[in-house]
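Engineer: Just so it is clear, I am handing over work.txt, which has compact mmCIF, C-alpha atoms.
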# COMPACT_ATOMS: atom_id res chain seq x y z
CA MET A 1 -7.18 15.47 32.01
CA VAL A 2 -10.67 15.47 30.55
CA SER A 3 -10.99 16.57 26.96
CA PRO A 4 -13.27 19.48 26.04
CA PRO A 5 -16.98 18.76 26.26
CA VAL A 6 -18.75 17.28 23.29
CA LEU A 7 -22.38 16.66 22.58
CA LEU A 8 -23.27 12.99 22.94
CA LEU A 9 -26.12 11.86 20.74
CA PHE A 10 -28.03 8.65 21.40
CA ILE A 11 -30.18 7.66 18.42
CA LEU A 12 -33.67 6.75 19.50
CA CYS A 13 -36.25 4.80 17.54
CA SER A 14 -39.82 5.56 18.29
CA CYS A 15 -42.40 3.76 20.03
CA TYR A 16 -45.88 2.66 19.78
CA TYR A 17 -46.61 4.92 22.76
CA ILE A 18 -49.03 7.09 21.13
CA ALA A 19 -33.91 10.95 38.06
CA HIS A 20 -21.84 13.24 41.26
CA GLY A 21 -20.73 14.60 43.94
CA GLY A 22 -18.90 13.04 46.82
CA ASP A 23 -15.24 12.82 47.55
CA ASP A 24 -12.48 12.76 44.97
CA GLU A 25 -11.71 9.09 45.57
CA HIS A 26 -14.98 8.15 43.92
CA ARG A 27 -15.47 10.91 41.36
CA SER A 28 -16.33 9.70 37.87
CA SER A 29 -14.26 10.90 34.93
CA VAL A 30 -15.08 11.01 31.24
CA THR A 31 -12.58 10.06 28.56
CA LEU A 32 -13.27 11.23 25.02
CA GLU A 33 -11.74 10.06 21.78
CA PRO A 34 -9.55 12.88 20.36
CA ARG A 35 -11.15 15.00 17.65
CA ARG A 36 -14.47 13.23 18.14
CA ALA A 37 -17.24 15.84 17.88
CA THR A 38 -20.33 13.66 18.20
CA VAL A 39 -21.08 10.05 19.01
CA SER A 40 -24.25 7.99 18.85
CA VAL A 41 -25.68 4.68 20.03
CA PRO A 42 -29.09 3.13 19.31
CA LEU A 43 -31.96 3.92 21.64
CA VAL A 44 -35.26 2.16 20.93
CA HIS A 45 -38.71 1.68 22.37
CA ARG A 46 -38.74 -1.10 24.89
CA HIS A 47 -41.65 -2.87 23.14
CA GLY A 48 -40.54 -1.95 19.61
CA PRO A 49 -39.12 -4.39 17.05
CA ARG A 50 -35.55 -3.80 18.27
CA GLY A 51 -36.37 -3.52 21.95
CA PRO A 52 -35.67 -6.13 24.63
CA SER A 53 -39.22 -7.53 24.68
CA ARG A 54 -39.14 -9.85 21.69
CA ASN A 55 -42.05 -12.02 22.67
CA SER A 56 -45.76 -11.43 22.20
CA ASP A 57 -46.47 -10.80 25.88
CA LYS A 58 -46.52 -7.03 25.65
CA PRO A 59 -48.61 -5.28 28.31
CA SER A 60 -52.14 -4.33 27.28
CA PHE A 61 -53.16 -0.70 26.83
CA THR A 62 -54.93 -0.88 30.19
CA GLU A 63 -51.82 -2.28 31.87
CA ARG A 64 -49.61 0.41 30.33
CA LEU A 65 -51.84 3.14 31.69
CA ARG A 66 -52.07 1.42 35.08
CA ARG A 67 -48.28 1.41 35.31
CA SER A 68 -48.08 5.01 34.13
CA ARG A 69 -50.60 6.24 36.68
CA ALA A 70 -48.94 4.28 39.45
CA ARG A 71 -45.60 5.80 38.47
CA ALA A 72 -47.14 9.28 38.49
CA ASN A 73 -48.64 8.75 41.93
CA TYR A 74 -45.32 7.47 43.25
CA MET A 75 -43.51 10.51 41.89
CA MET A 76 -46.03 12.96 43.30
CA SER A 77 -46.01 11.19 46.66
CA ARG A 78 -42.23 11.26 46.82
CA ALA A 79 -42.14 14.90 45.76
CA SER A 80 -44.71 15.80 48.39
CA HIS A 81 -43.47 13.72 51.29
CA GLY A 82 -39.89 12.67 50.58
CA MET A 83 -38.63 9.13 50.25
CA VAL A 84 -38.21 6.46 52.92
CA SER A 85 -35.16 4.22 52.92
CA ALA A 86 -35.48 0.53 52.07
CA ARG A 87 -34.02 -1.96 54.57
CA GLU A 88 -32.21 -5.19 53.84
CA ASP A 89 -34.96 -7.46 55.12
CA ASP A 90 -37.97 -5.18 54.72
CA ALA A 91 -40.34 -6.20 51.93
CA ASN A 92 -42.76 -3.32 52.54
CA VAL A 93 -43.13 -0.50 50.04
CA SER A 94 -40.70 2.18 51.19
CA ILE A 95 -41.74 5.00 48.86
CA PRO A 96 -45.19 6.44 49.64
CA THR A 97 -47.83 5.95 46.98
CA HIS A 98 -51.56 6.50 46.89
CA LEU A 99 -52.63 3.90 44.35
CA GLY A 100 -49.73 1.42 44.30
CA GLY A 101 -48.95 -0.38 41.07
CA SER A 102 -45.72 -0.43 39.16
CA VAL A 103 -43.35 2.37 38.29
CA ASP A 104 -41.97 0.19 35.56
CA SER A 105 -43.51 2.41 32.87
CA LEU A 106 -40.36 3.48 31.08
CA GLU A 107 -40.63 3.34 27.36
CA TYR A 108 -37.19 3.85 25.84
CA VAL A 109 -33.98 1.86 26.06
CA VAL A 110 -30.37 2.68 25.22
CA THR A 111 -27.59 0.21 24.54
CA VAL A 112 -24.28 1.06 26.23
CA GLY A 113 -21.17 -0.88 27.17
CA LEU A 114 -20.31 -1.83 30.74
CA GLY A 115 -16.99 -3.16 31.98
CA THR A 116 -13.62 -3.92 30.37
CA PRO A 117 -13.95 -5.38 27.85
CA ALA A 118 -17.25 -3.57 27.31
CA VAL A 119 -20.35 -5.77 27.43
CA PRO A 120 -23.50 -4.40 25.73
CA GLN A 121 -26.28 -3.59 28.18
CA VAL A 122 -29.83 -2.62 27.18
CA LEU A 123 -30.96 -0.08 29.77
CA LEU A 124 -34.22 1.75 30.33
CA MET A 125 -33.87 5.55 30.20
CA ASP A 126 -35.46 7.27 33.20
CA THR A 127 -35.53 10.97 34.08
CA GLY A 128 -37.55 10.14 37.20
CA SER A 129 -34.86 8.19 39.08
CA ASP A 130 -31.16 8.43 39.82
CA VAL A 131 -29.44 5.13 40.56
CA SER A 132 -28.38 3.18 37.46
CA TRP A 133 -28.25 -0.59 37.79
CA VAL A 134 -27.91 -3.85 35.89
CA GLN A 135 -28.60 -7.44 36.85
CA CYS A 136 -25.38 -9.15 37.83
CA ALA A 137 -24.24 -12.77 37.86
CA PRO A 138 -24.46 -14.96 39.78
CA CYS A 139 -28.19 -14.59 40.34
CA ASN A 140 -30.79 -17.36 40.24
CA SER A 141 -34.28 -17.18 38.78
CA THR A 142 -35.90 -16.43 42.12
CA ARG A 143 -33.78 -13.31 42.57
CA CYS A 144 -33.39 -12.01 39.00
CA TYR A 145 -35.98 -11.79 36.22
CA PRO A 146 -35.32 -13.30 32.76
CA GLN A 147 -33.55 -11.02 30.29
CA ASN A 148 -32.51 -11.49 26.68
CA ASP A 149 -28.81 -10.90 27.27
CA PRO A 150 -26.55 -12.84 29.62
CA LEU A 151 -26.29 -11.33 33.09
CA PHE A 152 -23.39 -8.94 33.54
CA ASP A 153 -20.55 -10.87 35.18
CA PRO A 154 -18.31 -8.50 37.16
CA THR A 155 -15.63 -11.18 37.56
CA LYS A 156 -14.92 -10.94 33.83
CA SER A 157 -14.24 -7.18 33.91
CA SER A 158 -10.79 -5.83 34.75
CA THR A 159 -12.23 -2.47 35.87
CA TYR A 160 -15.05 -3.59 38.18
CA ALA A 161 -14.72 -2.74 41.89
CA PRO A 162 -17.31 -2.82 44.67
CA ILE A 163 -17.48 0.43 46.62
CA ALA A 164 -16.43 0.00 50.24
CA CYS A 165 -18.74 0.89 53.09
CA ASP A 166 -16.39 3.39 54.70
CA THR A 167 -16.22 5.80 51.76
CA GLY A 168 -17.71 9.13 50.85
CA ALA A 169 -19.61 7.59 47.94
CA CYS A 170 -21.35 5.11 50.23
CA ARG A 171 -22.10 7.74 52.86
CA LYS A 172 -23.60 9.96 50.14
CA LEU A 173 -25.75 7.07 48.98
CA ALA A 174 -27.06 6.70 52.52
CA GLY A 175 -27.78 10.43 52.67
CA ASP A 176 -29.95 10.10 49.57
CA HIS A 177 -31.85 7.16 51.09
CA TYR A 178 -30.53 4.53 48.67
CA GLN A 179 -27.99 2.90 50.99
CA ASN A 180 -28.76 -0.61 52.19
CA GLY A 181 -26.12 -1.30 54.81
CA CYS A 182 -22.99 -3.33 54.25
CA THR A 183 -22.71 -6.56 52.32
CA GLY A 184 -19.88 -8.96 51.49
CA GLY A 185 -18.99 -9.60 55.11
CA GLY A 186 -19.54 -5.99 56.11
CA THR A 187 -17.07 -4.40 53.68
CA GLN A 188 -19.12 -3.60 50.55
CA CYS A 189 -21.67 -0.81 50.14
CA GLY A 190 -25.17 -2.13 49.60
CA TYR A 191 -27.83 -0.21 47.67
CA ALA A 192 -31.61 -0.59 47.53
CA VAL A 193 -34.22 1.15 45.39
CA GLU A 194 -37.86 0.24 45.92
CA TYR A 195 -40.60 1.59 43.69
CA GLY A 196 -44.31 2.21 44.04
CA ASP A 197 -45.65 -1.35 44.14
CA GLY A 198 -42.73 -2.91 45.98
CA SER A 199 -40.82 -3.77 42.80
CA LYS A 200 -37.21 -3.21 43.64
CA THR A 201 -33.55 -3.74 42.99
CA ARG A 202 -30.91 -4.48 45.62
CA GLY A 203 -27.27 -5.38 45.43
CA VAL A 204 -23.75 -3.97 45.67
CA TYR A 205 -23.01 -0.34 44.84
CA SER A 206 -20.00 -0.48 42.54
CA ASP A 207 -17.51 1.31 40.28
CA GLU A 208 -17.13 0.38 36.63
CA THR A 209 -16.19 1.78 33.25
CA LEU A 210 -19.24 2.80 31.22
CA THR A 211 -18.82 3.09 27.45
CA LEU A 212 -21.36 5.47 25.94
CA ALA A 213 -19.96 5.11 22.42
CA PRO A 214 -16.62 4.14 20.86
CA GLY A 215 -13.96 6.37 22.41
CA VAL A 216 -16.31 7.89 24.99
CA THR A 217 -16.09 6.29 28.41
CA VAL A 218 -17.06 7.18 31.97
CA LYS A 219 -14.48 5.77 34.38
CA ASP A 220 -15.41 5.00 37.98
CA PHE A 221 -19.09 5.17 37.10
CA HIS A 222 -21.17 4.44 40.20
CA PHE A 223 -23.95 1.92 39.58
CA GLY A 224 -25.84 -0.89 41.26
CA CYS A 225 -24.74 -4.46 40.61
CA GLY A 226 -28.18 -5.99 41.18
CA ARG A 227 -28.54 -9.32 42.95
CA ASP A 228 -32.23 -9.14 43.84
CA GLN A 229 -34.84 -7.71 41.45
CA ARG A 230 -38.56 -8.12 42.09
CA GLY A 231 -41.72 -6.86 40.39
CA ASP A 232 -43.03 -6.15 36.89
CA ASN A 233 -40.05 -6.16 34.56
CA ASP A 234 -39.53 -6.88 30.88
CA ARG A 235 -36.40 -8.43 29.42
CA TYR A 236 -34.10 -5.40 29.60
CA ASP A 237 -30.75 -5.57 31.41
CA GLY A 238 -31.21 -2.67 33.82
CA LEU A 239 -31.84 1.08 34.04
CA VAL A 240 -29.92 4.31 33.53
CA GLY A 241 -30.99 7.10 35.88
CA LEU A 242 -31.10 10.64 34.45
CA GLY A 243 -32.55 12.43 37.47
CA GLY A 244 -30.95 15.36 39.26
CA ALA A 245 -29.45 13.65 42.33
CA PRO A 246 -25.71 12.87 42.64
CA GLU A 247 -26.13 9.18 41.74
CA SER A 248 -27.44 9.86 38.23
CA LEU A 249 -25.45 9.61 35.01
CA VAL A 250 -26.21 13.28 34.34
CA VAL A 251 -24.65 14.49 37.59
CA GLN A 252 -21.75 12.01 37.53
CA THR A 253 -20.70 13.43 34.14
CA SER A 254 -21.53 17.06 34.95
CA SER A 255 -17.87 18.13 35.02
CA VAL A 256 -17.82 17.52 31.26
CA TYR A 257 -21.41 18.08 30.15
CA GLY A 258 -22.46 20.69 32.70
CA GLY A 259 -25.41 18.68 34.00
CA ALA A 260 -27.31 19.29 30.75
CA PHE A 261 -29.03 16.76 28.53
CA SER A 262 -31.86 16.63 26.02
CA TYR A 263 -33.92 14.13 24.10
CA CYS A 264 -36.52 13.91 21.37
CA LEU A 265 -39.19 11.20 21.49
CA PRO A 266 -40.36 10.43 17.95
CA ALA A 267 -44.00 10.02 17.02
CA ARG A 268 -43.76 6.71 15.18
CA ASN A 269 -41.79 3.51 15.44
CA SER A 270 -40.25 4.02 12.01
CA GLU A 271 -38.74 7.39 12.92
CA ALA A 272 -35.57 8.26 14.82
CA GLY A 273 -35.05 10.52 17.80
CA PHE A 274 -32.15 11.04 20.22
CA LEU A 275 -30.90 11.36 23.74
CA ALA A 276 -28.03 13.84 24.07
CA LEU A 277 -25.64 14.49 26.94
CA GLY A 278 -24.51 18.12 26.93
CA ALA A 279 -26.30 21.27 25.86
CA PRO A 280 -26.36 22.34 22.21
CA PRO A 281 -23.78 24.99 21.23
CA GLY A 282 -24.92 28.41 22.39
CA ALA A 283 -27.67 26.82 24.48
CA ALA A 284 -28.15 29.95 26.56
CA ASN A 285 -29.82 31.54 23.52
CA ALA A 286 -30.20 28.50 21.28
CA THR A 287 -32.18 29.21 18.14
CA GLY A 288 -35.55 27.53 18.03
CA PHE A 289 -35.82 26.86 21.77
CA ALA A 290 -38.49 28.34 24.03
CA PHE A 291 -37.13 28.48 27.60
CA THR A 292 -38.80 28.49 30.99
CA PRO A 293 -37.24 28.48 34.48
CA MET A 294 -36.47 25.07 35.97
CA LYS A 295 -37.86 24.51 39.45
CA ARG A 296 -36.43 22.10 42.02
CA LEU A 297 -38.06 20.70 45.12
CA PRO A 298 -36.19 21.26 48.39
CA GLY A 299 -34.86 17.95 49.62
CA VAL A 300 -35.84 16.04 46.44
CA ALA A 301 -33.15 16.58 43.83
CA THR A 302 -34.37 13.92 41.40
CA PHE A 303 -37.23 15.66 39.65
CA TYR A 304 -37.19 18.43 37.04
CA MET A 305 -40.11 20.84 37.33
CA VAL A 306 -41.65 23.74 35.44
CA THR A 307 -44.63 26.03 36.02
CA LEU A 308 -47.54 26.15 33.60
CA ALA A 309 -49.15 29.54 33.14
CA GLY A 310 -51.87 28.63 30.63
CA ILE A 311 -53.26 26.18 28.08
CA SER A 312 -54.95 26.85 24.76
CA VAL A 313 -57.10 24.64 22.54
CA GLY A 314 -57.58 25.53 18.89
CA GLY A 315 -55.85 28.86 19.47
CA GLU A 316 -58.25 29.87 22.26
CA GLU A 317 -56.77 30.29 25.73
CA LEU A 318 -58.61 28.41 28.45
CA ASP A 319 -60.12 30.38 31.31
CA VAL A 320 -57.93 28.89 34.02
CA PRO A 321 -56.57 31.06 36.85
CA PRO A 322 -52.81 30.93 37.49
CA SER A 323 -53.53 29.53 40.95
CA ALA A 324 -54.67 26.29 39.31
CA PHE A 325 -51.04 25.61 38.32
CA ARG A 326 -49.37 26.69 41.55
CA GLY A 327 -48.31 23.14 42.48
CA GLY A 328 -45.95 22.92 39.51
CA MET A 329 -45.43 20.23 36.85
CA ILE A 330 -42.79 17.48 36.82
CA ILE A 331 -41.48 16.65 33.33
CA ASP A 332 -41.00 12.90 33.00
CA SER A 333 -39.82 10.61 30.21
CA GLY A 334 -41.48 7.50 31.62
CA THR A 335 -45.00 8.63 32.53
CA VAL A 336 -47.27 8.22 29.51
CA VAL A 337 -50.23 10.58 29.85
CA THR A 338 -50.16 14.05 31.37
CA GLY A 339 -51.81 14.66 34.73
CA LEU A 340 -53.32 18.13 35.14
CA PRO A 341 -54.78 19.61 38.33
CA HIS A 342 -58.58 19.56 38.64
CA THR A 343 -59.51 23.02 37.32
CA ALA A 344 -57.11 22.91 34.38
CA TYR A 345 -58.11 19.40 33.37
CA ASN A 346 -61.84 20.12 33.44
CA ALA A 347 -61.35 23.22 31.28
CA LEU A 348 -59.16 21.32 28.81
CA GLN A 349 -61.56 18.40 28.58
CA ALA A 350 -64.56 20.67 27.95
CA ALA A 351 -62.78 22.72 25.27
CA PHE A 352 -61.38 19.65 23.52
CA ARG A 353 -64.73 17.87 23.49
CA LYS A 354 -66.37 20.99 22.06
CA ALA A 355 -63.77 21.21 19.29
CA MET A 356 -64.22 17.49 18.53
CA ALA A 357 -68.02 17.50 18.66
CA ALA A 358 -68.25 16.16 15.09
CA TYR A 359 -66.87 12.77 16.20
CA PRO A 360 -68.67 10.27 18.42
CA LEU A 361 -67.29 9.57 21.86
CA ARG A 362 -66.70 5.95 22.82
CA PRO A 363 -66.49 4.43 26.29
CA ASN A 364 -63.07 3.61 27.65
CA GLY A 365 -62.25 2.45 31.14
CA ASP A 366 -58.81 4.02 31.12
CA LEU A 367 -59.21 7.56 29.74
CA ASP A 368 -62.42 9.60 29.73
CA THR A 369 -62.29 11.38 26.36
CA CYS A 370 -62.00 8.79 23.60
CA TYR A 371 -63.36 8.80 20.05
CA ASN A 372 -64.63 6.36 17.45
CA PHE A 373 -63.11 7.45 14.15
CA THR A 374 -64.40 4.46 12.20
CA GLY A 375 -65.58 5.56 8.76
CA TYR A 376 -63.83 8.94 8.85
CA SER A 377 -61.23 9.40 6.14
CA ASN A 378 -60.04 12.68 7.64
CA VAL A 379 -60.04 13.72 11.27
CA THR A 380 -59.30 17.29 12.38
CA VAL A 381 -57.69 17.50 15.81
CA PRO A 382 -57.38 20.93 17.43
CA LYS A 383 -53.98 22.29 18.33
CA VAL A 384 -53.14 22.20 22.04
CA ALA A 385 -50.46 24.55 23.40
CA PHE A 386 -48.81 25.03 26.78
CA THR A 387 -47.68 28.44 28.01
CA PHE A 388 -45.05 28.33 30.75
CA SER A 389 -43.80 30.88 33.24
CA GLY A 390 -41.66 33.45 31.48
CA GLY A 391 -43.93 33.39 28.43
CA ALA A 392 -42.61 30.33 26.58
CA THR A 393 -45.39 28.80 24.47
CA VAL A 394 -45.06 25.27 23.12
CA ASP A 395 -47.39 23.71 20.54
CA LEU A 396 -47.88 19.99 21.05
CA ASP A 397 -47.50 17.81 17.97
CA VAL A 398 -50.85 17.04 16.34
CA PRO A 399 -52.12 14.40 16.57
CA SER A 400 -49.30 12.32 18.11
CA GLY A 401 -48.68 14.68 21.03
CA VAL A 402 -52.36 15.02 21.89
CA LEU A 403 -54.05 11.66 21.25
CA LEU A 404 -53.20 8.19 22.56
CA GLU A 405 -55.16 5.35 20.93
CA ASP A 406 -57.74 7.95 19.85
CA CYS A 407 -58.08 9.25 23.42
CA LEU A 408 -57.12 12.64 24.84
CA ALA A 409 -53.74 11.92 26.47
CA PHE A 410 -54.53 13.73 29.72
CA HIS A 411 -56.16 12.86 33.01
CA GLU A 412 -56.90 14.65 36.28
CA SER A 413 -54.00 14.42 38.73
CA GLY A 414 -55.75 15.82 41.79
CA PRO A 415 -56.57 19.14 43.46
CA ASP A 416 -55.14 22.43 42.25
CA VAL A 417 -52.72 22.64 45.16
CA GLY A 418 -51.02 19.41 44.07
CA LEU A 419 -48.36 18.54 41.54
CA GLY A 420 -48.95 17.57 37.94
CA ILE A 421 -46.80 15.59 35.50
CA ILE A 422 -46.12 16.25 31.81
CA GLY A 423 -46.04 12.79 30.24
CA ASN A 424 -44.10 11.53 27.25
CA VAL A 425 -47.00 11.64 24.77
CA ASN A 426 -47.12 15.44 25.04
CA GLN A 427 -43.34 15.56 24.51
CA ARG A 428 -43.28 13.75 21.17
CA THR A 429 -41.23 15.36 18.38
CA LEU A 430 -40.08 18.12 20.79
CA GLU A 431 -36.48 18.39 21.84
CA VAL A 432 -36.70 18.82 25.61
CA LEU A 433 -33.52 20.35 27.00
CA TYR A 434 -32.82 20.02 30.74
CA ASP A 435 -30.14 22.61 31.51
CA ALA A 436 -29.69 22.45 35.27
CA GLY A 437 -26.54 24.58 35.17
CA ARG A 438 -28.48 27.51 33.74
CA GLY A 439 -31.65 26.68 35.66
CA LYS A 440 -33.89 26.37 32.63
CA VAL A 441 -35.84 23.91 30.50
CA GLY A 442 -36.05 24.41 26.76
CA PHE A 443 -38.45 23.12 24.11
CA ARG A 444 -37.74 22.98 20.39
CA ALA A 445 -40.44 21.89 17.95
CA GLY A 446 -39.98 19.41 15.12
CA ALA A 447 -36.70 17.98 16.41
CA CYS A 448 -37.38 14.40 15.31
Would it be possible to restate this file's structure as structure tokens?

Structural biologist:
Amino acid sequence: MVSPPVLLLFILCSCYYIAHGGDDEHRSSVTLEPRRATVSVPLVHRHGPRGPSRNSDKPSFTERLRRSRARANYMMSRASHGMVSAREDDANVSIPTHLGGSVDSLEYVVTVGLGTPAVPQVLLMDTGSDVSWVQCAPCNSTRCYPQNDPLFDPTKSSTYAPIACDTGACRKLAGDHYQNGCTGGGTQCGYAVEYGDGSKTRGVYSDETLTLAPGVTVKDFHFGCGRDQRGDNDRYDGLVGLGGAPESLVVQTSSVYGGAFSYCLPARNSEAGFLALGAPPGAANATGFAFTPMKRLPGVATFYMVTLAGISVGGEELDVPPSAFRGGMIIDSGTVVTGLPHTAYNALQAAFRKAMAAYPLRPNGDLDTCYNFTGYSNVTVPKVAFTFSGGATVDLDVPSGVLLEDCLAFHESGPDVGLGIIGNVNQRTLEVLYDAGRGKVGFRAGAC
């Protein structure tokens, strides 16, 4: 029996930066410590002082934006065209993308325990993917990238089990285009996830006990035991997928937490935020939240979408017709800057530049509205607000939710008929609640 749902809180340190069903035989179950109301584990920025990248080789600002834009293009391509399965011996990019580059743009990591006894694993948090995975031993340097922690060794866990090919869990994986045939002499279920530039993870789809916090475990958690990782990676141990497909942690634990989760991304590295599994008490009418309907794409369960209805700058609504937002907006924790359709972006850029006319523009090859604030003791940045379908209006944090390295944290995503993406800069200090069970997304200001 599963104990009553509780709210799981994952403490998150900020950053620089200014995506289960199946048969009963493979259904995950959650075990909760009696009388435990809340639990927490550290979650930090991947390049922060407590993150996995402890060397000085952090990506440049240009490289961070390149990865973010590549990730955004991959997501929009997948949302528009679906995803193509990766094959065992196929090195080609299997997910359509327009610009290529890396989708390894995720900025926050959580430390959880995997196996019995539990071994700490530092995992990237990703709302834009579903399959969770870690690097597993044995794996040589040509197949696995260097990480700070020892590779997870499944032979040392009493609860590890590879998922067999002839099971509902493996067939479901194939149906979601992540299956990679059979391994281990034709008996074990193989998985493969390949991202926008060909960076990928492949290995054995497996069952294990996942410890989210002391006394809170997910038994029979489906994850990838990675034996072949390629591409641009830092020194983290793997990834935890929070998308909307059956393979994600969110869906695997939905019998307890209702498929709901939220997070708050803090504005500065010295501040704390959180990732929470489960909706806040009374979430249907939670005080302080502004709600808008959640949209889903037919055939692509991973992404969480909303519809923008308007944007204002300095309290003045932009003259943008509703048709400019008809493609919808994906909300993503890993994309950095927000991509707006052509008409909306041009209107925002013009209004923002007008409001900031007192400050000199400076050239920047990455973003097109950047300022030189040298010599200014005080800088006034106009408030930017989003209005969503249903009337929810959300003020972005100023300046951390609007500016990135003194640049407007937006770019043009493409024509008005296409998708846009709300990046993590715009989400700073907001609690963003993804409540798939109730079909809504909520925003609460000043949450961290």

Engineer: Show me the residues around (-32.8, 4.5, 29.0) - criterion: an atom at most 8 Å away, only C-alpha atoms counted - as a list of chain:residue names.

Structural biologist: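 Residues close enough to count: A:Leu43, A:Leu106, A:Tyr108, A:Val109, A:Val110, A:Val122, A:Leu123, A:Leu124, A:Met125, A:Asp126, A:Leu239, A:Val240, A:Gly241.
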
Engineer: Hey, which of A:Met356, A:Ala392, A:Leu65, A:Met76 ends up closest to Gly420 (chain A)? Count only C-alpha atoms.

Structural biologist: A:Met76

Engineer: Counting all atoms listed in the file, figure out which residue out of A:Thr307, A:Thr159, A:Ser68, A:Gln121 gets nearest to Phe291 (chain A).

Structural biologist: A:Thr307

Engineer: Could you jot down the CA of Leu348 (chain A) to CA of Asn426 (chain A) separation for me, Å, one decimal place?

Structural biologist: 13.9 Å

Engineer: Restricting the calculation to all atoms listed in the file: of A:Thr387, A:Asn364, A:Thr253, A:Ser132, which residue gets closest to Ser312 (chain A)?

Structural biologist: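 Distance minimum relative to Ser312 (chain A) lands on A:Thr387.
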
Engineer: Using all atoms listed in the file, pick whichever of A:Asn424, A:Thr127, A:Asn148, A:Thr62 has the shortest atom-to-atom distance to Cys264 (chain A).

Structural biologist: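 Closest to Cys264 (chain A), using all atoms listed in the file: A:Asn424.
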
Engineer: So what do you get for CA of Gly258 (chain A) versus CA of Leu242 (chain A), distance-wise?

Structural biologist: 13.4 Å

Engineer: Might you pull out every residue within 6 Å of Arg143 (chain A), with all atoms listed in the file counted and same-chain residues fewer than 2 positions away left off, and present them as a VMD selection string?

Structural biologist: chain A and resid 140 to 141 228 to 229

Engineer: Just to confirm, what's the straight-line distance from CA of Val402 (chain A) to CA of Thr287 (chain A) in Å (one decimal)?

Structural biologist: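 Between CA of Val402 (chain A) and CA of Thr287 (chain A) the gap works out to 25.0 Å.
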
Engineer: Which is closest to Ser255 (chain A) among A:Tyr191, A:Tyr160, A:Gly437, A:Val320, if we use only C-alpha atoms?

Structural biologist: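 Under the stated criterion, the closest residue is A:Gly437.
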
Engineer: Using all atoms listed in the file, which of the listed residues (A:Pro162, A:Pro293, A:Gly186, A:Gly168) sits closest to Phe443 (chain A)?

Structural biologist: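 Smallest distance to Phe443 (chain A) is found for A:Pro293.
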